[in-house]
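Everything on this sheet refers to the single structure shown next.
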Amino acid sequence: MTKSFKPRGAAICAALGVLVLAAAAPQYAQAQGQVIANNVSITASGAVNTGTAASTTGYALYALNGGAITSTGALALTTGGSTAYGAAALSGGQITIHGGYGTSSAVTTGGYMASGLFAEGTGSKIFVTDTDITTNYSAGTVYAVQPRMNGTIELTGGSVKMPYATGGTALYAFSGGAAYTATIKATDVQVSAGGSRSYGAQANLNGSIELLRGSVTTAGNNGYGLYTIGDGAFLTAAGAKVSTGGVDAAGVYVQQGSMKLADVDIDTTGMGGKGAMVDNASSLTLTRGSVTTHGSNTSDTAPGLLALSASVLTAKDTAITTYGDGSYGAASQFGSQVLLTGGSVATRGASALGLFSVGLAGTTGASLTADGVTVETTGANSHGAAVLGGSSLTIQNGGSVTAEGAGAAALYASPYDTNPSTATVANSTLTSGQYAGILAVATTLNATLTHSSLNGAPAWWAADSTVSSVPTGSILPDMYIPQIEVKEAACGLKRLLFFCAAYPNPNPPPQAGEGI
């Protein structure tokens, strides 16, 4: 057998490749404990602290040009400088961090824009398991976990914490340009953001985020739990819990792009907190799970589901509950579509609508369909469903709408513009415990009931002119007369009762967009 032969010097150089590369790094970076893998594979363990060194010299772990760093046990990475990332993978570099034998690894940064994890460039990847990542910068923006320009970061277990930053994001997938992507995958990770205008997970401009179980929590005002913005932004979550605590926060906000959630529970506790909202011709899909908002009791608008500006919101078998006064259960506005299948909608505050469909004044109507959905409102003047502004509302396939409070109709229409609205009820039930089953106030409502029951006290339906200039009791102009067609419907009274009554005018719902 012929043995291969290598010069002795070449063997020594190959064995010492890591040391040679490390020696090529700046000496003060070495002294601070920085670990660099430039086109080689090395291991790391123990504590790495780069002090206040900034930028590349301040990275605790730095893999570049296809280099790889792998931890052999729990790591403790600490940086304090500006843009000093805890672990940075660039130009095809890869970093793997493990917890060790029941002990979590830790990555802690304190400087401006100093991400805990940063991956940039095609093939650049970071994998972390059982690792606690914390960014402590408090004077402005910081992103705790950030892939860019085709970078990928995957996390399993552990946590990502950003307790102080203003305007930052804990998980931030930003492509860096239309030609790139950025990907974050997080499994069983606990994510939190504490500052104002800070977000738990944000997919931005072709960025993609996938969450499996775990939790996302924000505490600051105007904070969003799950957030997408920019063309091509996409976020999916399954089995996660999302909560917000600040004023005007949102559990879920699709400002642009798309989002799909399955078995996700969303809870907002701050004044004006929205459960899940979609805007700007974007899409949001929820399957099972729940949405709960806890607004204040002083005319606070804290909707459960809200679709704006030609967007599409779909929810299947989802439980929606709102507790604040003036809060909608599910609302479709300004050319949007809301499609609810199964599940339930409940509002517990005063003047809180169960379902709400309203158009853009004088132009585009909205639509809302509730298919087999149970809707219940309990507060005073809290109508079960409201439609106005040339919009449409459909309740079908075994659905029910019940309004229990004083002055609350099961189905309500009021003026927004001169366009008539349409309500279609099929194989469903409308019930008002203390008011008219259907109430049209100074507007035209074209309502069709088929194989349905309508119950009201003291009337099935009524046209109320008290908010118009037409004296109560006189003949109303055509635009104020509700058109109602009843086909095989069972009603709550024994005789047809249609009249213009001087009912006390219930508080109309807020104009579209108010408080939103």
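Letters A, B, ... mark the chains of the structure tokens in the order given; residue numbers begin at 1 per chain; ligand numbers begin at 1, in order shown.
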Need the shell around A:Arg213: protein/DNA/RNA residues with any atom at most 6 Å away, counting only C-alpha atoms. Skip same-chain ones fewer than 4 positions apart. Format as an mmCIF file with N, CA, C and O atoms, in the first residue's frame?
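The resulting file, result_22.cif, is reproduced below:
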```cif
data_model
loop_
_atom_site.group_PDB
_atom_site.id
_atom_site.type_symbol
_atom_site.label_atom_id
_atom_site.label_comp_id
_atom_site.auth_asym_id
_atom_site.auth_seq_id
_atom_site.Cartn_x
_atom_site.Cartn_y
_atom_site.Cartn_z
ATOM 1 N N ASP A 188 -40.693 27.115 20.889
ATOM 2 C CA ASP A 188 -40.731 27.107 22.361
ATOM 3 C C ASP A 188 -39.838 28.203 22.951
ATOM 4 O O ASP A 188 -39.122 27.977 23.950
ATOM 5 N N ALA A 238 -48.081 29.088 15.450
ATOM 6 C CA ALA A 238 -48.956 27.984 15.838
ATOM 7 C C ALA A 238 -48.752 27.687 17.319
ATOM 8 O O ALA A 238 -47.618 27.515 17.772
ATOM 9 N N GLY A 239 -49.848 27.650 18.058
ATOM 10 C CA GLY A 239 -49.789 27.272 19.465
ATOM 11 C C GLY A 239 -49.125 28.282 20.373
ATOM 12 O O GLY A 239 -48.770 27.952 21.511
ATOM 13 N N ALA A 240 -48.966 29.511 19.920
ATOM 14 C CA ALA A 240 -48.285 30.526 20.731
ATOM 15 C C ALA A 240 -49.289 31.344 21.539
ATOM 16 O O ALA A 240 -50.478 31.378 21.236
#
```
* So which residues touch A:Ser432 within 9 Å, counting only C-alpha atoms, skipping near sequence neighbours fewer than 2 positions away, as a PyMOL selection string? -> chain A and resi 383-384+401-405+408-411+430+434-438+454-457+460
Please write the residues from the selection above to a file, keeping all heavy atoms, as a short mmCIF file (atom, residue, chain, number, x, y, z; two decimals), in the first residue's frame.
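The resulting file, part-v5.cif, is reproduced below:
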```cif
data_model
loop_
_atom_site.label_atom_id
_atom_site.label_comp_id
_atom_site.auth_asym_id
_atom_site.auth_seq_id
_atom_site.Cartn_x
_atom_site.Cartn_y
_atom_site.Cartn_z
N HIS A 383 -75.45 46.83 20.28
CA HIS A 383 -76.17 46.09 19.26
C HIS A 383 -75.41 44.82 18.88
O HIS A 383 -74.18 44.81 18.84
CB HIS A 383 -76.39 46.97 18.03
CG HIS A 383 -77.02 48.29 18.34
ND1 HIS A 383 -78.27 48.39 18.89
CD2 HIS A 383 -76.57 49.56 18.20
CE1 HIS A 383 -78.57 49.67 19.07
NE2 HIS A 383 -77.54 50.39 18.66
N GLY A 384 -76.18 43.79 18.57
CA GLY A 384 -75.54 42.54 18.21
C GLY A 384 -74.76 42.65 16.92
O GLY A 384 -73.64 42.15 16.81
N VAL A 401 -77.50 35.83 16.76
CA VAL A 401 -77.09 37.15 17.27
C VAL A 401 -78.06 37.53 18.37
O VAL A 401 -79.26 37.65 18.13
CB VAL A 401 -77.10 38.22 16.16
CG1 VAL A 401 -76.74 39.58 16.74
CG2 VAL A 401 -76.15 37.83 15.03
N THR A 402 -77.53 37.72 19.58
CA THR A 402 -78.36 38.05 20.74
C THR A 402 -77.84 39.31 21.41
O THR A 402 -76.66 39.38 21.77
CB THR A 402 -78.35 36.89 21.76
OG1 THR A 402 -78.79 35.70 21.12
CG2 THR A 402 -79.27 37.21 22.94
N ALA A 403 -78.73 40.30 21.55
CA ALA A 403 -78.40 41.54 22.25
C ALA A 403 -79.24 41.61 23.52
O ALA A 403 -80.47 41.65 23.45
CB ALA A 403 -78.67 42.75 21.36
N GLU A 404 -78.58 41.61 24.68
CA GLU A 404 -79.30 41.51 25.94
C GLU A 404 -79.49 42.85 26.65
O GLU A 404 -80.35 42.98 27.52
CB GLU A 404 -78.56 40.56 26.88
CG GLU A 404 -78.45 39.13 26.34
CD GLU A 404 -77.67 38.22 27.27
OE1 GLU A 404 -77.17 38.71 28.30
OE2 GLU A 404 -77.57 37.01 26.96
N GLY A 405 -78.71 43.86 26.33
CA GLY A 405 -78.75 45.11 27.08
C GLY A 405 -79.87 46.04 26.67
O GLY A 405 -80.49 45.91 25.62
N ALA A 408 -80.51 47.91 22.98
CA ALA A 408 -79.65 47.17 22.06
C ALA A 408 -80.48 46.31 21.13
O ALA A 408 -81.21 45.42 21.58
CB ALA A 408 -78.67 46.31 22.83
N ALA A 409 -80.39 46.57 19.83
CA ALA A 409 -81.07 45.76 18.83
C ALA A 409 -80.17 44.60 18.41
O ALA A 409 -78.94 44.67 18.50
CB ALA A 409 -81.42 46.61 17.61
N ALA A 410 -80.79 43.54 17.91
CA ALA A 410 -79.99 42.44 17.37
C ALA A 410 -79.28 42.88 16.09
O ALA A 410 -78.11 42.59 15.88
CB ALA A 410 -80.87 41.23 17.11
N LEU A 411 -79.99 43.63 15.24
CA LEU A 411 -79.42 44.15 13.98
C LEU A 411 -79.73 45.63 13.89
O LEU A 411 -80.89 46.04 14.03
CB LEU A 411 -80.02 43.40 12.79
CG LEU A 411 -79.63 43.90 11.39
CD1 LEU A 411 -78.12 43.86 11.19
CD2 LEU A 411 -80.35 43.08 10.32
N LEU A 430 -82.08 36.04 15.20
CA LEU A 430 -81.81 37.38 15.72
C LEU A 430 -82.70 37.62 16.92
O LEU A 430 -83.92 37.46 16.83
CB LEU A 430 -82.09 38.45 14.66
CG LEU A 430 -81.35 38.37 13.33
CD1 LEU A 430 -81.78 39.53 12.43
CD2 LEU A 430 -79.84 38.38 13.54
N GLN A 434 -84.37 43.49 25.01
CA GLN A 434 -85.02 44.69 25.53
C GLN A 434 -85.31 45.75 24.47
O GLN A 434 -85.70 46.87 24.82
CB GLN A 434 -84.15 45.32 26.63
CG GLN A 434 -83.84 44.41 27.80
CD GLN A 434 -83.10 45.14 28.90
OE1 GLN A 434 -83.57 46.17 29.41
NE2 GLN A 434 -81.95 44.61 29.30
N TYR A 435 -85.16 45.41 23.20
CA TYR A 435 -85.35 46.43 22.17
C TYR A 435 -85.86 45.76 20.91
O TYR A 435 -86.15 44.56 20.89
CB TYR A 435 -84.04 47.17 21.94
CG TYR A 435 -84.22 48.62 21.54
CD1 TYR A 435 -84.81 49.53 22.41
CD2 TYR A 435 -83.82 49.06 20.29
CE1 TYR A 435 -84.98 50.86 22.04
CE2 TYR A 435 -83.98 50.39 19.91
CZ TYR A 435 -84.56 51.29 20.80
OH TYR A 435 -84.74 52.59 20.44
N ALA A 436 -85.95 46.53 19.81
CA ALA A 436 -86.41 45.97 18.55
C ALA A 436 -85.41 44.95 18.02
O ALA A 436 -84.21 45.11 18.19
CB ALA A 436 -86.60 47.09 17.53
N GLY A 437 -85.93 43.91 17.37
CA GLY A 437 -85.03 42.92 16.78
C GLY A 437 -84.15 43.54 15.71
O GLY A 437 -82.95 43.32 15.68
N ILE A 438 -84.78 44.32 14.81
CA ILE A 438 -84.04 45.06 13.78
C ILE A 438 -84.41 46.53 13.93
O ILE A 438 -85.59 46.88 13.98
CB ILE A 438 -84.40 44.58 12.36
CG1 ILE A 438 -84.04 43.10 12.19
CG2 ILE A 438 -83.68 45.42 11.31
CD1 ILE A 438 -84.46 42.53 10.84
N LEU A 454 -86.82 35.89 14.22
CA LEU A 454 -86.56 37.27 14.62
C LEU A 454 -87.38 37.56 15.86
O LEU A 454 -88.61 37.42 15.86
CB LEU A 454 -86.94 38.22 13.48
CG LEU A 454 -86.88 39.72 13.76
CD1 LEU A 454 -85.45 40.13 14.09
CD2 LEU A 454 -87.40 40.50 12.55
N ASN A 455 -86.70 37.96 16.93
CA ASN A 455 -87.38 38.23 18.19
C ASN A 455 -86.95 39.59 18.72
O ASN A 455 -85.77 39.91 18.73
CB ASN A 455 -87.01 37.16 19.23
CG ASN A 455 -87.38 35.76 18.78
OD1 ASN A 455 -88.52 35.35 18.90
ND2 ASN A 455 -86.41 35.05 18.22
N GLY A 456 -87.94 40.37 19.14
CA GLY A 456 -87.64 41.68 19.70
C GLY A 456 -88.68 42.11 20.70
O GLY A 456 -89.80 41.61 20.72
N ALA A 457 -88.34 43.05 21.54
CA ALA A 457 -89.28 43.59 22.52
C ALA A 457 -89.13 45.12 22.48
O ALA A 457 -88.05 45.62 22.79
CB ALA A 457 -88.97 43.06 23.91
N TRP A 460 -90.66 43.38 16.27
CA TRP A 460 -89.71 42.67 15.41
C TRP A 460 -88.69 43.66 14.87
O TRP A 460 -87.50 43.43 14.93
CB TRP A 460 -90.43 42.04 14.23
CG TRP A 460 -91.39 40.96 14.57
CD1 TRP A 460 -91.47 40.26 15.72
CD2 TRP A 460 -92.42 40.49 13.71
NE1 TRP A 460 -92.49 39.35 15.65
CE2 TRP A 460 -93.10 39.46 14.41
CE3 TRP A 460 -92.84 40.81 12.42
CZ2 TRP A 460 -94.17 38.76 13.86
CZ3 TRP A 460 -93.90 40.11 11.87
CH2 TRP A 460 -94.56 39.10 12.59
#
```
* Asked: Can you tell me, as a ChimeraX atom specification, what residues are no more than 8 Å from A:Val242 when counting only C-alpha atoms, ignoring any on the same chain fewer than 2 positions away?
  -> /A:215-217,225-226,240,244,251,264-267
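Remark: for A:Ala426, the closest of the candidate residues A:Leu445, A:Ala380, A:Ala386, A:Leu393 is A:Leu393 (distances computed over only C-alpha atoms).
For A:Thr322, the set of protein, DNA and RNA residues having any atom at most 10 Å away, when counting only C-alpha atoms and skipping those fewer than 3 positions along the same chain, is Asp267, Thr268, Lys274, Gly275, Val291, Thr292, Thr293, His294, Gly295, Thr301, Ala302, Pro303, Gly304, Leu305, Asp325, Gly326, Ser327, Tyr328, Gly329, Ala330, Val345, Ala346, Thr347, Arg348, Gly349, Ala352, Leu353, Gly354 and Thr377 of chain A.
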* Asked: How many Å lie between atom CA of A:Val107 and atom CA of A:Gly214, rounded to one decimal?
  -> 19.0 Å
* Asked: DSSP says strand (DSSP E) for which residues of stretch 315-438 of chain A? Put them as a PyMOL selection string?
  -> chain A and resi 315-316+319-322+330-333+337-341+344-347+355-358+367-371+374-377+385-388+392-396+400-403+411-413+421-426+429-432+438
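Atom to atom, atom CA of A:Asn419 and atom CA of A:Ser311 stand 21.0 Å apart.
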* With a distance cut-off of 10 Å and only C-alpha atoms, select the neighbouring residues of A:Ser105, excluding the residue or stretch itself and same-chain residues fewer than 5 positions from it, and output the selection as an NGL selection string. => :A and (45-47 or 71 or 73-77 or 97-100 or 128-133 or 158)
* Find the spatial neighbours of A:Gly80, counting only C-alpha atoms, within a cut-off of 9 Å - ignore same-chain residues fewer than 3 positions away - and output them as a PyMOL selection string. => chain A and resi 49-54+58+83-85+108-112+114
Go ahead and save the residues from that selection, with C-alpha atoms, as a CSV table (one decimal), in the first residue's frame.
```csv
chain,number,residue,atom,x,y,z
A,49,ASN,CA,-16.6,39.3,27.1
A,50,THR,CA,-15.6,42.0,24.6
A,51,GLY,CA,-16.1,44.9,27.0
A,52,THR,CA,-17.0,48.2,25.3
A,53,ALA,CA,-15.3,47.5,22.0
A,54,ALA,CA,-17.6,48.5,19.1
A,58,GLY,CA,-16.7,43.9,19.7
A,83,THR,CA,-23.3,47.7,17.2
A,84,ALA,CA,-21.3,45.0,19.0
A,85,TYR,CA,-23.3,41.8,18.3
A,108,THR,CA,-26.2,39.8,26.7
A,109,THR,CA,-25.6,43.1,24.8
A,110,GLY,CA,-25.8,46.7,26.1
A,111,GLY,CA,-24.8,49.0,23.2
A,112,TYR,CA,-26.7,50.9,20.6
A,114,ALA,CA,-26.2,45.7,19.4
```
* Pick from A:Gly121, A:Val189, A:Ser290, A:Ser198: nearest to A:Thr156, with only C-alpha atoms counted? -> A:Val189
